[in-house]
file my_file18.cif (mmCIF, C-alpha atoms)
data_protein
#
loop_
_atom_site.label_atom_id
_atom_site.label_comp_id
_atom_site.auth_asym_id
_atom_site.auth_seq_id
_atom_site.Cartn_x
_atom_site.Cartn_y
_atom_site.Cartn_z
CA MET A 1477 45.05 -34.14 3.10
CA ARG A 1478 42.80 -34.92 6.07
CA LYS A 1479 45.17 -33.01 8.41
CA VAL A 1480 45.19 -30.02 6.05
CA ALA A 1481 41.35 -29.97 5.88
CA ILE A 1482 41.06 -30.14 9.69
CA LEU A 1483 43.59 -27.35 10.06
CA LEU A 1484 41.69 -25.12 7.60
CA LEU A 1485 38.41 -25.77 9.44
CA LEU A 1486 39.96 -24.81 12.80
CA VAL A 1487 41.34 -21.58 11.31
CA VAL A 1488 37.92 -20.67 9.88
CA LEU A 1489 36.14 -21.42 13.17
CA SER A 1490 38.62 -19.39 15.20
CA ALA A 1491 38.21 -16.43 12.84
CA ASN A 1492 34.44 -16.54 13.30
CA LEU A 1493 34.65 -16.71 17.09
CA SER A 1494 36.80 -13.59 17.15
CA ALA A 1495 34.35 -11.54 15.05
CA HIS A 1496 33.19 -8.24 16.57
CA SER A 1497 29.55 -8.21 15.29
CA TYR A 1498 26.92 -10.77 14.45
CA PRO A 1499 23.77 -10.71 12.30
CA THR A 1500 20.51 -10.11 14.09
CA GLY A 1501 17.12 -11.79 13.93
CA MET A 1502 13.55 -10.55 13.85
CA VAL A 1503 13.72 -8.95 17.29
CA GLY A 1504 17.32 -7.72 17.08
CA GLN A 1505 19.03 -10.50 19.13
CA PRO A 1506 22.30 -12.22 18.01
CA LEU A 1507 21.78 -15.55 16.27
CA GLU A 1508 24.36 -17.39 18.40
CA ALA A 1509 23.62 -20.79 16.93
CA PHE A 1510 24.53 -19.66 13.43
CA LYS A 1511 27.90 -18.07 14.22
CA PRO A 1512 30.05 -21.16 13.58
CA LEU A 1513 27.94 -22.24 10.57
CA ALA A 1514 28.12 -19.10 8.40
CA PRO A 1515 31.83 -19.36 7.49
CA LEU A 1516 31.51 -23.12 7.08
CA ALA A 1517 28.80 -22.58 4.47
CA ILE A 1518 31.00 -20.02 2.72
CA ALA A 1519 33.98 -22.37 2.74
CA THR A 1520 32.04 -25.34 1.40
CA ASN A 1521 30.04 -23.38 -1.20
CA PRO A 1522 31.51 -20.02 -2.33
CA CYS A 1523 28.49 -19.44 -4.61
CA LYS A 1524 26.38 -18.95 -1.45
CA LEU A 1525 28.54 -16.13 -0.08
CA THR A 1526 25.82 -13.47 0.06
CA LEU A 1527 23.10 -15.72 1.42
CA ALA A 1528 25.27 -17.44 4.01
CA SER A 1529 26.86 -14.29 5.36
CA ASN A 1530 23.59 -12.36 5.91
CA PHE A 1531 21.09 -13.84 8.34
CA SER A 1532 19.32 -10.54 9.11
CA THR A 1533 15.68 -10.04 8.15
CA PRO A 1534 15.33 -8.08 4.87
CA GLN A 1535 13.99 -4.59 5.49
CA PRO A 1536 11.25 -3.12 3.27
CA ARG A 1537 12.41 -0.68 0.66
CA HIS A 1538 11.22 2.81 1.60
CA THR A 1539 10.25 4.85 -1.41
CA PHE A 1540 8.39 8.08 -1.96
CA TRP A 1541 5.34 6.22 -3.30
CA ASN A 1542 4.76 3.91 -0.33
CA GLN A 1543 4.45 6.73 2.19
CA ARG A 1544 0.95 6.77 3.64
CA SER A 1545 0.48 10.50 3.13
CA VAL A 1546 1.46 10.20 -0.54
CA GLN A 1547 -1.07 7.44 -1.03
CA VAL A 1548 -3.77 9.56 0.61
CA GLY A 1549 -2.92 12.48 -1.68
CA LEU A 1550 -3.07 10.30 -4.80
CA GLY A 1551 -6.37 8.86 -3.60
CA LEU A 1552 -7.85 12.34 -3.22
CA VAL A 1553 -6.80 13.37 -6.72
CA GLY A 1554 -8.38 10.22 -8.15
CA ALA A 1555 -11.53 10.66 -6.07
CA GLY A 1556 -11.87 14.26 -7.25
CA VAL A 1557 -11.87 13.17 -10.88
CA VAL A 1558 -14.58 10.58 -10.17
CA LEU A 1559 -16.67 13.01 -8.10
CA SER A 1560 -16.81 15.55 -10.92
CA ALA A 1561 -19.97 13.71 -12.00
CA ALA A 1562 -21.65 14.95 -8.79
CA ASP A 1563 -20.62 18.61 -9.09
CA VAL A 1564 -24.02 19.89 -10.24
CA GLN A 1565 -25.93 17.94 -7.59
CA THR A 1566 -23.65 19.25 -4.85
CA ARG A 1567 -24.16 22.83 -6.01
CA SER A 1568 -27.93 22.26 -6.02
CA LEU A 1569 -27.82 21.28 -2.35
CA ARG A 1570 -25.84 24.40 -1.55
CA SER A 1571 -28.24 26.61 -3.55
CA ASP A 1572 -31.29 25.17 -1.77
CA TYR A 1573 -30.03 25.31 1.80
CA LEU A 1574 -27.50 28.17 1.85
CA PRO A 1575 -28.13 30.30 -1.25
CA THR A 1576 -26.91 33.54 0.33
CA PHE A 1577 -23.78 32.15 2.07
CA ARG A 1578 -21.04 34.75 1.58
CA TYR A 1579 -18.24 34.81 4.14
CA ARG A 1580 -14.56 35.50 3.51
CA TYR A 1581 -12.99 33.75 6.51
CA ASP A 1582 -11.60 31.04 4.20
CA ASP A 1583 -9.22 33.65 2.77
CA TYR A 1584 -7.45 33.61 6.15
CA LEU A 1585 -8.24 30.13 7.48
CA GLN A 1586 -6.17 28.54 4.70
CA PHE A 1587 -3.00 29.87 6.36
CA ALA A 1588 -3.92 28.90 9.94
CA PRO A 1589 -1.94 25.60 10.09
CA ALA A 1590 1.20 27.31 8.75
CA VAL A 1591 0.82 30.14 11.27
CA ALA A 1592 0.47 27.55 14.04
CA MET A 1593 3.64 25.78 12.87
CA VAL A 1594 5.70 28.96 12.88
CA GLY A 1595 4.18 29.99 16.22
CA LEU A 1596 5.12 26.72 17.90
CA LYS A 1597 8.65 27.03 16.53
CA ALA A 1598 8.94 30.64 17.76
CA LEU A 1599 7.86 29.50 21.23
CA GLY A 1600 10.85 27.16 21.32
CA ILE A 1601 8.90 23.91 20.94
CA GLU A 1602 11.12 21.44 19.12
CA SER A 1603 9.95 20.47 15.64
CA ARG A 1604 11.29 17.82 13.30
CA SER A 1605 13.57 20.30 11.51
CA SER A 1606 15.74 23.29 12.21
CA TRP A 1607 14.53 26.75 11.20
CA GLU A 1608 16.57 26.63 7.99
CA ARG A 1609 15.45 23.14 6.98
CA MET A 1610 11.80 23.86 7.85
CA THR A 1611 11.86 27.09 5.86
CA LEU A 1612 13.37 25.37 2.83
CA ALA A 1613 10.89 22.50 2.97
CA GLY A 1614 7.95 24.88 3.41
CA GLY A 1615 9.11 27.11 0.56
CA LEU A 1616 9.62 24.21 -1.83
CA SER A 1617 6.25 22.67 -0.90
CA THR A 1618 4.41 25.95 -1.41
CA GLY A 1619 6.22 26.64 -4.67
CA ILE A 1620 5.36 23.21 -6.08
CA MET A 1621 1.73 23.63 -5.02
CA LEU A 1622 1.35 27.12 -6.52
CA SER A 1623 3.01 26.11 -9.78
CA THR A 1624 0.80 23.04 -10.16
CA VAL A 1625 -2.41 24.85 -9.25
CA TYR A 1626 -1.95 27.81 -11.56
CA VAL A 1627 -0.69 25.81 -14.53
CA VAL A 1628 -3.77 23.57 -14.30
CA LYS A 1629 -6.14 26.44 -13.51
CA TYR A 1630 -5.28 28.49 -16.58
CA GLY A 1631 -4.56 25.47 -18.74
CA LEU A 1632 -8.02 23.93 -18.30
CA GLY A 1633 -9.97 27.17 -17.86
CA ARG A 1634 -12.95 25.73 -16.00
CA LEU A 1635 -15.81 28.12 -15.23
CA ARG A 1636 -16.49 28.75 -11.56
CA PRO A 1637 -19.97 27.81 -10.27
CA ASP A 1638 -20.77 31.50 -9.71
CA GLY A 1639 -19.88 32.21 -13.33
CA SER A 1640 -17.24 34.81 -12.45
CA THR A 1641 -14.00 33.49 -14.01
CA TYR A 1642 -12.55 30.53 -15.89
CA ASN A 1643 -10.02 29.36 -13.30
CA SER A 1644 -12.03 27.09 -11.02
CA PHE A 1645 -10.10 23.80 -11.15
CA PRO A 1646 -8.43 23.01 -8.78
CA SER A 1647 -9.16 25.06 -5.66
CA GLY A 1648 -6.11 27.14 -4.75
CA HIS A 1649 -7.43 27.96 -1.27
CA THR A 1650 -7.92 24.26 -0.52
CA ALA A 1651 -4.51 23.32 -1.91
CA MET A 1652 -2.86 26.01 0.24
CA ALA A 1653 -4.77 24.87 3.33
CA PHE A 1654 -3.78 21.20 2.89
CA THR A 1655 -0.19 22.15 2.13
CA ALA A 1656 -0.08 24.12 5.38
CA ALA A 1657 -1.78 21.29 7.31
CA SER A 1658 0.70 18.75 5.92
CA LEU A 1659 3.63 20.99 6.90
CA LEU A 1660 2.24 21.24 10.44
CA GLN A 1661 1.74 17.47 10.60
CA LYS A 1662 5.27 16.69 9.41
CA GLU A 1663 6.92 19.11 11.83
CA TYR A 1664 4.73 18.68 14.92
CA GLY A 1665 2.54 15.62 14.31
CA SER A 1666 4.46 13.57 16.86
CA LEU A 1667 3.88 16.21 19.54
CA SER A 1668 0.20 15.25 19.89
CA PRO A 1669 -2.43 13.65 17.62
CA TRP A 1670 -4.51 16.77 18.12
CA VAL A 1671 -1.98 18.83 16.18
CA GLY A 1672 -2.61 16.96 12.95
CA ILE A 1673 -6.34 16.69 13.59
CA ALA A 1674 -6.63 20.45 14.16
CA GLY A 1675 -4.56 21.27 11.07
CA TYR A 1676 -6.51 19.03 8.73
CA ALA A 1677 -9.82 20.12 10.29
CA ALA A 1678 -8.98 23.74 9.41
CA ALA A 1679 -8.05 22.65 5.89
CA THR A 1680 -11.28 20.67 5.48
CA ILE A 1681 -13.39 23.60 6.68
CA THR A 1682 -11.57 25.79 4.16
CA GLY A 1683 -12.47 23.43 1.32
CA ILE A 1684 -16.11 23.12 2.36
CA SER A 1685 -16.34 26.90 2.69
CA ARG A 1686 -15.14 27.35 -0.88
CA MET A 1687 -18.15 25.33 -2.04
CA LEU A 1688 -20.54 27.11 0.31
CA ASN A 1689 -19.29 30.44 -1.04
CA ASN A 1690 -20.15 29.17 -4.54
CA ARG A 1691 -16.56 29.66 -5.67
CA HIS A 1692 -15.70 26.03 -6.38
CA TRP A 1693 -17.19 22.73 -7.44
CA LEU A 1694 -16.82 19.60 -5.31
CA SER A 1695 -14.16 18.11 -7.59
CA ASP A 1696 -12.13 21.36 -7.44
CA VAL A 1697 -11.89 21.06 -3.68
CA VAL A 1698 -11.10 17.32 -3.48
CA VAL A 1699 -8.35 17.52 -6.10
CA GLY A 1700 -6.99 20.68 -4.43
CA ALA A 1701 -6.63 18.76 -1.17
CA GLY A 1702 -4.71 16.01 -2.92
CA VAL A 1703 -2.42 18.50 -4.66
CA GLY A 1704 -1.62 20.16 -1.33
CA ILE A 1705 -0.65 16.89 0.36
CA LEU A 1706 1.43 15.67 -2.59
CA SER A 1707 3.20 19.03 -2.93
CA THR A 1708 4.32 18.91 0.69
CA ASN A 1709 5.72 15.42 0.30
CA LEU A 1710 7.62 16.46 -2.82
CA GLY A 1711 8.98 19.50 -0.99
CA TYR A 1712 10.32 17.35 1.84
CA LEU A 1713 11.73 14.83 -0.63
CA LEU A 1714 13.73 17.55 -2.40
CA THR A 1715 14.88 18.94 0.95
CA GLU A 1716 16.15 15.50 1.94
CA ARG A 1717 17.99 15.12 -1.39
CA TRP A 1718 19.71 18.50 -1.00
CA LEU A 1719 20.44 18.62 2.73
CA GLY A 1720 20.62 14.96 3.69
CA ASN A 1721 20.39 14.89 7.49
CA ARG A 1722 21.58 18.44 8.06
CA GLY A 1723 19.16 20.30 10.29
CA LEU A 1724 17.11 17.16 10.90
CA VAL A 1725 16.22 16.97 14.58
CA ARG A 1726 13.89 13.98 14.37
CA PRO A 1727 13.73 11.32 11.61
CA VAL A 1728 10.85 10.81 9.21
CA ASP A 1729 8.14 8.61 10.71
CA ASP A 1730 5.98 7.87 7.66
CA TRP A 1731 7.14 4.23 7.66
CA GLU A 1732 6.75 3.47 11.34
CA PRO A 1733 4.11 0.86 12.24
CA VAL A 1734 0.57 2.19 12.59
CA ARG A 1735 -0.34 2.55 16.25
CA VAL A 1736 -3.88 1.33 16.96
CA GLY A 1737 -5.58 2.24 20.23
CA ARG A 1738 -8.42 0.61 22.12
CA ASN A 1739 -11.35 3.05 22.10
CA PRO A 1740 -12.09 4.08 18.47
CA SER A 1741 -13.77 7.45 19.13
CA TYR A 1742 -13.89 9.44 15.91
CA VAL A 1743 -15.24 12.32 13.85
CA GLY A 1744 -15.66 11.77 10.12
CA VAL A 1745 -16.85 13.40 6.92
CA GLY A 1746 -18.61 11.17 4.39
CA ILE A 1747 -19.94 11.28 0.83
CA ALA A 1748 -22.50 8.79 -0.42
CA HIS A 1749 -25.01 7.72 -3.06
CA ASN A 1750 -28.67 7.32 -2.08
CA ALA A 1751 -30.60 4.39 -3.57
CA LEU A 1752 -34.36 4.59 -2.94
CA LEU A 1753 -36.47 1.71 -1.59
CA TYR A 1754 -40.20 2.20 -2.19
CA ASP A 1755 -43.45 0.29 -2.85
CA ARG A 1756 -43.70 0.14 -6.66
CA SER A 1757 -47.29 -1.05 -6.46
CA ARG A 1758 -48.33 2.23 -4.79
CA TYR A 1759 -45.82 4.91 -5.81
CA ASP A 1760 -44.42 6.24 -9.07
CA ARG A 1761 -40.80 7.29 -8.97
CA LEU A 1762 -40.59 10.76 -10.47
CA SER A 1763 -36.88 11.54 -10.20
CA PRO A 1764 -33.51 9.83 -9.73
CA SER A 1765 -31.65 9.47 -6.47
CA GLY A 1766 -28.56 11.56 -5.87
CA ILE A 1767 -25.56 12.39 -3.75
CA GLY A 1768 -25.42 12.74 0.03
CA PHE A 1769 -23.02 14.17 2.62
CA SER A 1770 -22.65 13.48 6.33
CA ILE A 1771 -20.73 14.49 9.42
CA GLU A 1772 -20.62 11.65 11.94
CA GLY A 1773 -18.98 11.23 15.30
CA ALA A 1774 -19.00 8.89 18.27
CA TRP A 1775 -17.37 8.69 21.69
CA PHE A 1776 -16.58 5.14 22.83
CA PHE A 1777 -16.60 4.13 26.51
CA ASN A 1778 -14.66 0.95 25.71
CA PRO A 1779 -13.47 -0.83 22.54
CA SER A 1780 -17.01 -1.96 21.67
CA LEU A 1781 -19.69 0.54 22.76
CA GLY A 1782 -20.14 4.27 22.27
CA VAL A 1783 -22.67 7.04 21.75
CA GLY A 1784 -22.76 9.65 19.02
CA GLY A 1785 -24.70 11.18 16.21
CA VAL A 1786 -24.85 12.12 12.55
CA ALA A 1787 -25.97 15.12 10.51
CA LYS A 1788 -26.93 14.37 6.90
CA VAL A 1789 -27.96 16.26 3.82
CA GLY A 1790 -28.68 14.67 0.46
CA ARG A 1791 -30.81 14.29 -2.62
CA TYR A 1792 -33.49 11.61 -2.65
CA ALA A 1793 -35.78 10.35 -5.40
CA ASP A 1794 -39.24 11.91 -5.39
CA THR A 1795 -42.26 9.59 -5.36
CA ILE A 1796 -45.99 10.17 -5.72
CA ASP A 1797 -49.02 8.01 -5.00
CA HIS A 1798 -50.69 6.45 -8.07
CA ALA A 1799 -54.01 7.75 -6.81
CA ALA A 1800 -52.83 11.37 -6.85
CA VAL A 1801 -52.95 11.94 -10.60
CA ASP A 1802 -53.22 8.84 -12.73
CA GLY A 1803 -50.94 8.72 -15.76
CA ALA A 1804 -49.27 12.10 -15.20
CA SER A 1805 -45.54 12.74 -15.19
CA PRO A 1806 -43.38 15.65 -14.01
CA VAL A 1807 -42.33 18.48 -16.32
CA GLU A 1808 -38.83 18.21 -14.84
CA ALA A 1809 -37.42 15.40 -12.69
CA LYS A 1810 -36.60 17.24 -9.46
CA PRO A 1811 -35.12 15.19 -6.59
CA LEU A 1812 -36.02 15.96 -3.00
CA ASN A 1813 -33.32 17.62 -0.97
CA ASN A 1814 -33.50 16.15 2.51
CA HIS A 1815 -31.72 16.82 5.83
CA ALA A 1816 -31.56 14.70 8.97
CA LEU A 1817 -30.13 14.84 12.49
CA ALA A 1818 -29.99 11.69 14.62
CA ALA A 1819 -28.23 10.26 17.69
CA GLY A 1820 -27.90 6.87 19.32
CA LEU A 1821 -25.65 3.89 19.97
CA PHE A 1822 -22.49 2.92 18.09
CA PHE A 1823 -20.82 -0.49 18.14
CA ASN A 1824 -17.33 -1.57 17.10
CA HIS A 1825 -15.47 -4.85 16.70
CA HIS A 1826 -11.79 -5.34 15.78
CA LEU A 1827 -11.67 -7.89 12.96
CA ALA A 1828 -7.91 -7.40 12.61
CA PRO A 1829 -5.36 -5.00 14.13
CA ARG A 1830 -6.19 -2.36 11.50
CA LEU A 1831 -9.64 -3.50 10.31
CA GLN A 1832 -12.83 -2.71 12.25
CA LEU A 1833 -16.47 -3.65 11.82
CA GLY A 1834 -18.90 -0.96 12.96
CA ALA A 1835 -22.64 -0.70 13.47
CA LYS A 1836 -25.04 1.99 14.63
CA THR A 1837 -28.71 2.47 15.47
CA LEU A 1838 -29.95 6.06 15.66
CA VAL A 1839 -33.19 8.03 15.99
CA GLY A 1840 -33.87 11.69 15.23
CA VAL A 1841 -35.70 14.07 12.91
CA ALA A 1842 -35.62 14.61 9.15
CA GLY A 1843 -37.24 17.05 6.76
CA ASN A 1844 -37.32 18.09 3.12
CA HIS A 1845 -36.40 21.32 1.47
CA TYR A 1846 -39.40 22.91 -0.22
CA LEU A 1847 -40.12 21.37 -3.63
CA LEU A 1848 -42.82 22.18 -6.19
CA ASN A 1849 -43.34 19.84 -9.14
CA GLU A 1850 -45.70 20.34 -12.08
CA LEU A 1851 -47.29 17.20 -13.54
CA VAL A 1852 -48.33 16.94 -17.18
CA ASP A 1853 -50.41 14.44 -19.16
CA ASP A 1854 -49.30 12.68 -22.33
CA LYS A 1855 -50.23 15.76 -24.36
CA GLY A 1856 -47.96 18.02 -22.34
CA THR A 1857 -50.77 19.80 -20.54
CA VAL A 1858 -50.21 20.68 -16.87
CA VAL A 1859 -52.77 18.74 -14.86
CA ALA A 1860 -51.55 19.23 -11.28
CA GLU A 1861 -48.97 20.69 -8.92
CA VAL A 1862 -47.24 18.61 -6.27
CA GLU A 1863 -45.96 20.59 -3.28
CA HIS A 1864 -43.77 18.90 -0.69
CA ASP A 1865 -43.94 20.33 2.80
CA THR A 1866 -40.96 21.10 4.99
CA THR A 1867 -42.36 19.59 8.20
CA GLU A 1868 -39.79 17.57 10.11
CA HIS A 1869 -40.76 13.99 10.95
CA PHE A 1870 -39.32 11.11 12.95
CA THR A 1871 -36.43 9.26 11.33
CA ALA A 1872 -34.49 6.12 12.19
CA ILE A 1873 -31.08 5.10 10.84
CA ALA A 1874 -29.36 1.72 11.04
CA GLY A 1875 -25.98 1.10 9.49
CA LEU A 1876 -22.95 -1.14 9.06
CA SER A 1877 -19.40 -0.10 8.21
CA PHE A 1878 -15.85 -1.34 7.68
CA ARG A 1879 -12.96 0.93 8.66
CA TRP A 1880 -9.33 0.53 7.65
CA ILE A 1881 -6.80 2.32 9.85
CA VAL A 1882 -4.55 4.15 7.39
CA ALA A 1883 -2.39 5.96 9.94
CA ASP A 1884 -2.28 6.48 13.70
CA ASN A 1885 -5.26 8.84 13.76
CA LEU A 1886 -6.68 8.42 10.25
CA GLY A 1887 -9.19 5.88 9.00
CA VAL A 1888 -11.14 5.27 5.79
CA ARG A 1889 -14.64 3.94 6.36
CA LEU A 1890 -16.97 2.23 3.90
CA TYR A 1891 -20.56 2.36 5.14
CA ALA A 1892 -24.11 1.38 4.26
CA ASP A 1893 -27.08 2.98 6.07
CA TYR A 1894 -30.78 2.28 5.97
CA ASN A 1895 -32.79 5.47 6.49
CA TYR A 1896 -36.46 5.52 7.49
CA VAL A 1897 -37.84 8.89 6.37
CA ARG A 1898 -41.47 10.03 6.18
CA THR A 1899 -42.61 12.99 4.11
CA GLY A 1900 -45.86 14.72 3.23
CA TYR A 1901 -47.05 16.46 0.08
CA THR A 1902 -50.10 18.18 -1.34
CA VAL A 1903 -51.51 17.58 -4.84
CA THR A 1904 -53.46 20.47 -6.38
CA PRO A 1905 -55.06 19.35 -9.69
CA THR A 1906 -56.27 21.80 -12.30
CA VAL A 1907 -59.63 20.03 -12.07
CA GLY A 1908 -60.78 18.47 -8.83
CA ALA A 1909 -60.16 18.73 -5.12
CA VAL A 1910 -56.89 19.28 -3.33
CA ALA A 1911 -55.54 16.10 -1.70
CA HIS A 1912 -52.91 15.50 0.98
CA TYR A 1913 -50.66 12.45 0.96
CA SER A 1914 -47.75 11.04 2.89
CA SER A 1915 -45.04 8.74 1.62
CA TYR A 1916 -41.99 6.97 2.97
CA HIS A 1917 -38.57 7.57 1.49
CA ASN A 1918 -36.39 4.72 2.69
CA PRO A 1919 -33.07 5.18 0.91
CA LEU A 1920 -30.08 2.95 1.28
CA THR A 1921 -26.98 5.10 1.61
CA PHE A 1922 -23.69 3.68 0.29
CA GLY A 1923 -20.71 5.87 1.04
CA VAL A 1924 -17.10 6.40 2.00
CA ALA A 1925 -15.86 8.56 4.86
CA VAL A 1926 -12.55 9.86 6.14
CA ASP A 1927 -12.33 9.65 9.94
CA ALA A 1928 -10.14 11.43 12.44
CA ILE A 1929 -9.72 8.77 15.13
CA LEU A 1930 -9.36 9.98 18.71
CA TRP A 1931 -7.76 6.99 20.43
#
call {"tool": "encode", "arguments": {"input": "my_file18.cif", "output": "structure tokens"}}
result
Amino acid sequence: MRKVAILLLLVVLSANLSAHSYPTGMVGQPLEAFKPLAPLAIATNPCKLTLASNFSTPQPRHTFWNQRSVQVGLGLVGAGVVLSAADVQTRSLRSDYLPTFRYRYDDYLQFAPAVAMVGLKALGIESRSSWERMTLAGGLSTGIMLSTVYVVKYGLGRLRPDGSTYNSFPSGHTAMAFTAASLLQKEYGSLSPWVGIAGYAAATITGISRMLNNRHWLSDVVVGAGVGILSTNLGYLLTERWLGNRGLVRPVDDWEPVRVGRNPSYVGVGIAHNALLYDRSRYDRLSPSGIGFSIEGAWFFNPSLGVGGVAKVGRYADTIDHAAVDGASPVEAKPLNNHALAAGLFFNHHLAPRLQLGAKTLVGVAGNHYLLNELVDDKGTVVAEVEHDTTEHFTAIAGLSFRWIVADNLGVRLYADYNYVRTGYTVTPTVGAVAHYSSYHNPLTFGVAVDAILW
């Protein structure tokens, strides 16, 4: 029996040594030390056949739902639903600062990324797909987007902010723009990071313009962006199911590792809530805080230090000095609409390969939009008018942020800013002398931003 066992072992070992391929390890090198042991384990324990014969590292399962672009699209749809609570405030900002904004360029800008994609292809620049595959994917993506948008539009029947029709939600222009930008990114995103940045910048401007033109609410635009991105991913998924690899010049890269550069220069668009800090022993708070928006950018000289600036617009709580009119209250709680422009130093520190800690210290100017408030006593009688001036004053901004790198040139940033803002106002009582006051609105801004990162 011993001779038979030794003979069997020699046969098994010789069969293994003559094998043509071997399992690979983490870095793709043959595991030479395991070659004689795998068949021995199989021979001694047949129940371990699968485990013993496969020493390669398990690969993650790639599904539609774990693609980064799909997750971004789902996040936008969810964010749009949440932001519907800020629709009226956002429209108020637009009505105060740009009440007569009426330009139709967004009717054409929505198609710009798609035109760029077709133009690059016509110039002979290689895309990810052949003409036939690209056309099919683009047609399916657009068809899915249009079907979704119009079913929801006429199913919900939401009134547009300008009161014209009941088909506001979601924004079709924005959905078309983000569908086109996603098509451009999928076909030519690997050509240069600026291709995707330019496409999504055009789509973002389209969405913002729909609000400025008073044709859509904030939530219409955010959900429209998510619908556009998701529709494109569904279109490419169906194309892959039908065509397989036919016409595929370059493979899908949604699951490749995120490439993180050294100098985190960026441009980002943020949305925030303003929480007012004020001296309760001196001021009465006459209105609630509100929503804020920002465009922020910085150019970094090295991984840690850069210069840049921010432009902000938002709604801040109104306050009034106790001494102005004792015991009075406003007829209507009207927040102050404020704007600011500041520049200064930006700092960055890599906490992890894809997680960054940021800080900034900026100085600039800030001012209020004109606001007139009537104050009444406990009997409802108007006792004074409070008029806020529009003079611009010095402002200082200090902030901290955490940024997660979602994709090669895309980051999501959570930020908190302290804003030092001075404002002046005049109180004109029905009885008594006119008085001038100044107050300090020092809101804390808590927000989230989407950044285009320019490594």
call {"tool": "resolve_selection", "arguments": {"input": "my_file18.cif", "expression": "the PyMOL selection byres ((chain A and resi 1870) around 8)", "output": "list in words"}}
result
Val1839, Gly1840, Val1841, Ala1842, Glu1868, His1869, Thr1871, Ala1872, Val1897 and Arg1898 of chain A
call {"tool": "closest_residue", "arguments": {"input": "my_file18.cif", "among": "A:Val1553, A:Val1926, A:Met1621, A:Leu1847", "to": "A:Ile1673", "atoms": "all atoms listed in the file"}}
result
A:Val1926
call {"tool": "resolve_selection", "arguments": {"input": "my_file18.cif", "expression": "the PyMOL selection byres ((chain A and resi 1853) around 12)", "output": "number ranges by chain"}}
result
A: 1801-1807, 1850-1852, 1854-1860, 1905-1906
call {"tool": "resolve_selection", "arguments": {"input": "my_file18.cif", "expression": "the PyMOL selection byres ((chain A and resi 1555-1567) around 7)", "output": "count of residues only"}}
result
14
call {"tool": "closest_residue", "arguments": {"input": "my_file18.cif", "among": "A:Lys1662, A:His1912, A:Arg1686, A:Lys1788", "to": "A:Gly1711", "atoms": "all atoms listed in the file"}}
result
A:Lys1662
call {"tool": "atom_distance", "arguments": {"input": "my_file18.cif", "atom1": "atom CA of A:Pro1829", "atom2": "atom CA of A:Val1743"}}
result
19.9 Å
call {"tool": "closest_residue", "arguments": {"input": "my_file18.cif", "among": "A:Val1697, A:Val1703, A:Leu1714, A:Val1910", "to": "A:Ile1681", "atoms": "all atoms listed in the file"}}
result
A:Val1697
call {"tool": "closest_residue", "arguments": {"input": "my_file18.cif", "among": "A:Ser1617, A:Thr1921, A:Ser1603, A:Asn1542", "to": "A:Gly1766", "atoms": "all atoms listed in the file"}}
result
A:Thr1921
call {"tool": "closest_residue", "arguments": {"input": "my_file18.cif", "among": "A:Ser1623, A:Asn1739, A:Asn1778, A:Ser1765", "to": "A:Leu1812", "atoms": "all atoms listed in the file"}}
result
A:Ser1765
call {"tool": "closest_residue", "arguments": {"input": "my_file18.cif", "among": "A:Gly1820, A:Asp1794, A:Val1786, A:Met1687", "to": "A:Pro1575", "atoms": "only C-alpha atoms"}}
result
A:Met1687
call {"tool": "axis_aligned_box", "arguments": {"input": "my_file18.cif", "around": "stretch 1776-1785 of chain A", "padding_each_side": "6 Å", "output": "AutoDock Vina command-line options"}}
result
--center_x -19.1 --center_y 4.6 --center_z 21.4 --size_x 23.2 --size_y 25.1 --size_z 22.3
call {"tool": "atom_distance", "arguments": {"input": "my_file18.cif", "atom1": "atom CA of A:Glu1602", "atom2": "atom CA of A:Leu1659"}}
result
14.3 Å
call {"tool": "decode", "arguments": {"input": "my_file18.cif", "residues": "stretch 1641-1654 of chain A", "atoms": "C-alpha atoms", "output": "compact mmCIF listing (two decimals), in the first residue's frame"}}
result
# COMPACT_ATOMS: atom_id res chain seq x y z
CA THR A 1641 -47.74 75.95 -17.50
CA TYR A 1642 -48.11 72.89 -15.28
CA ASN A 1643 -45.10 70.90 -16.51
CA SER A 1644 -42.22 72.22 -14.43
CA PHE A 1645 -40.83 69.07 -12.77
CA PRO A 1646 -38.24 67.93 -13.79
CA SER A 1647 -36.33 70.31 -16.06
CA GLY A 1648 -36.17 68.87 -19.58
CA HIS A 1649 -33.45 71.29 -20.69
CA THR A 1650 -31.26 70.27 -17.75
CA ALA A 1651 -31.90 66.56 -18.31
CA MET A 1652 -30.97 66.92 -22.00
CA ALA A 1653 -27.82 68.88 -21.12
CA PHE A 1654 -26.62 66.28 -18.59
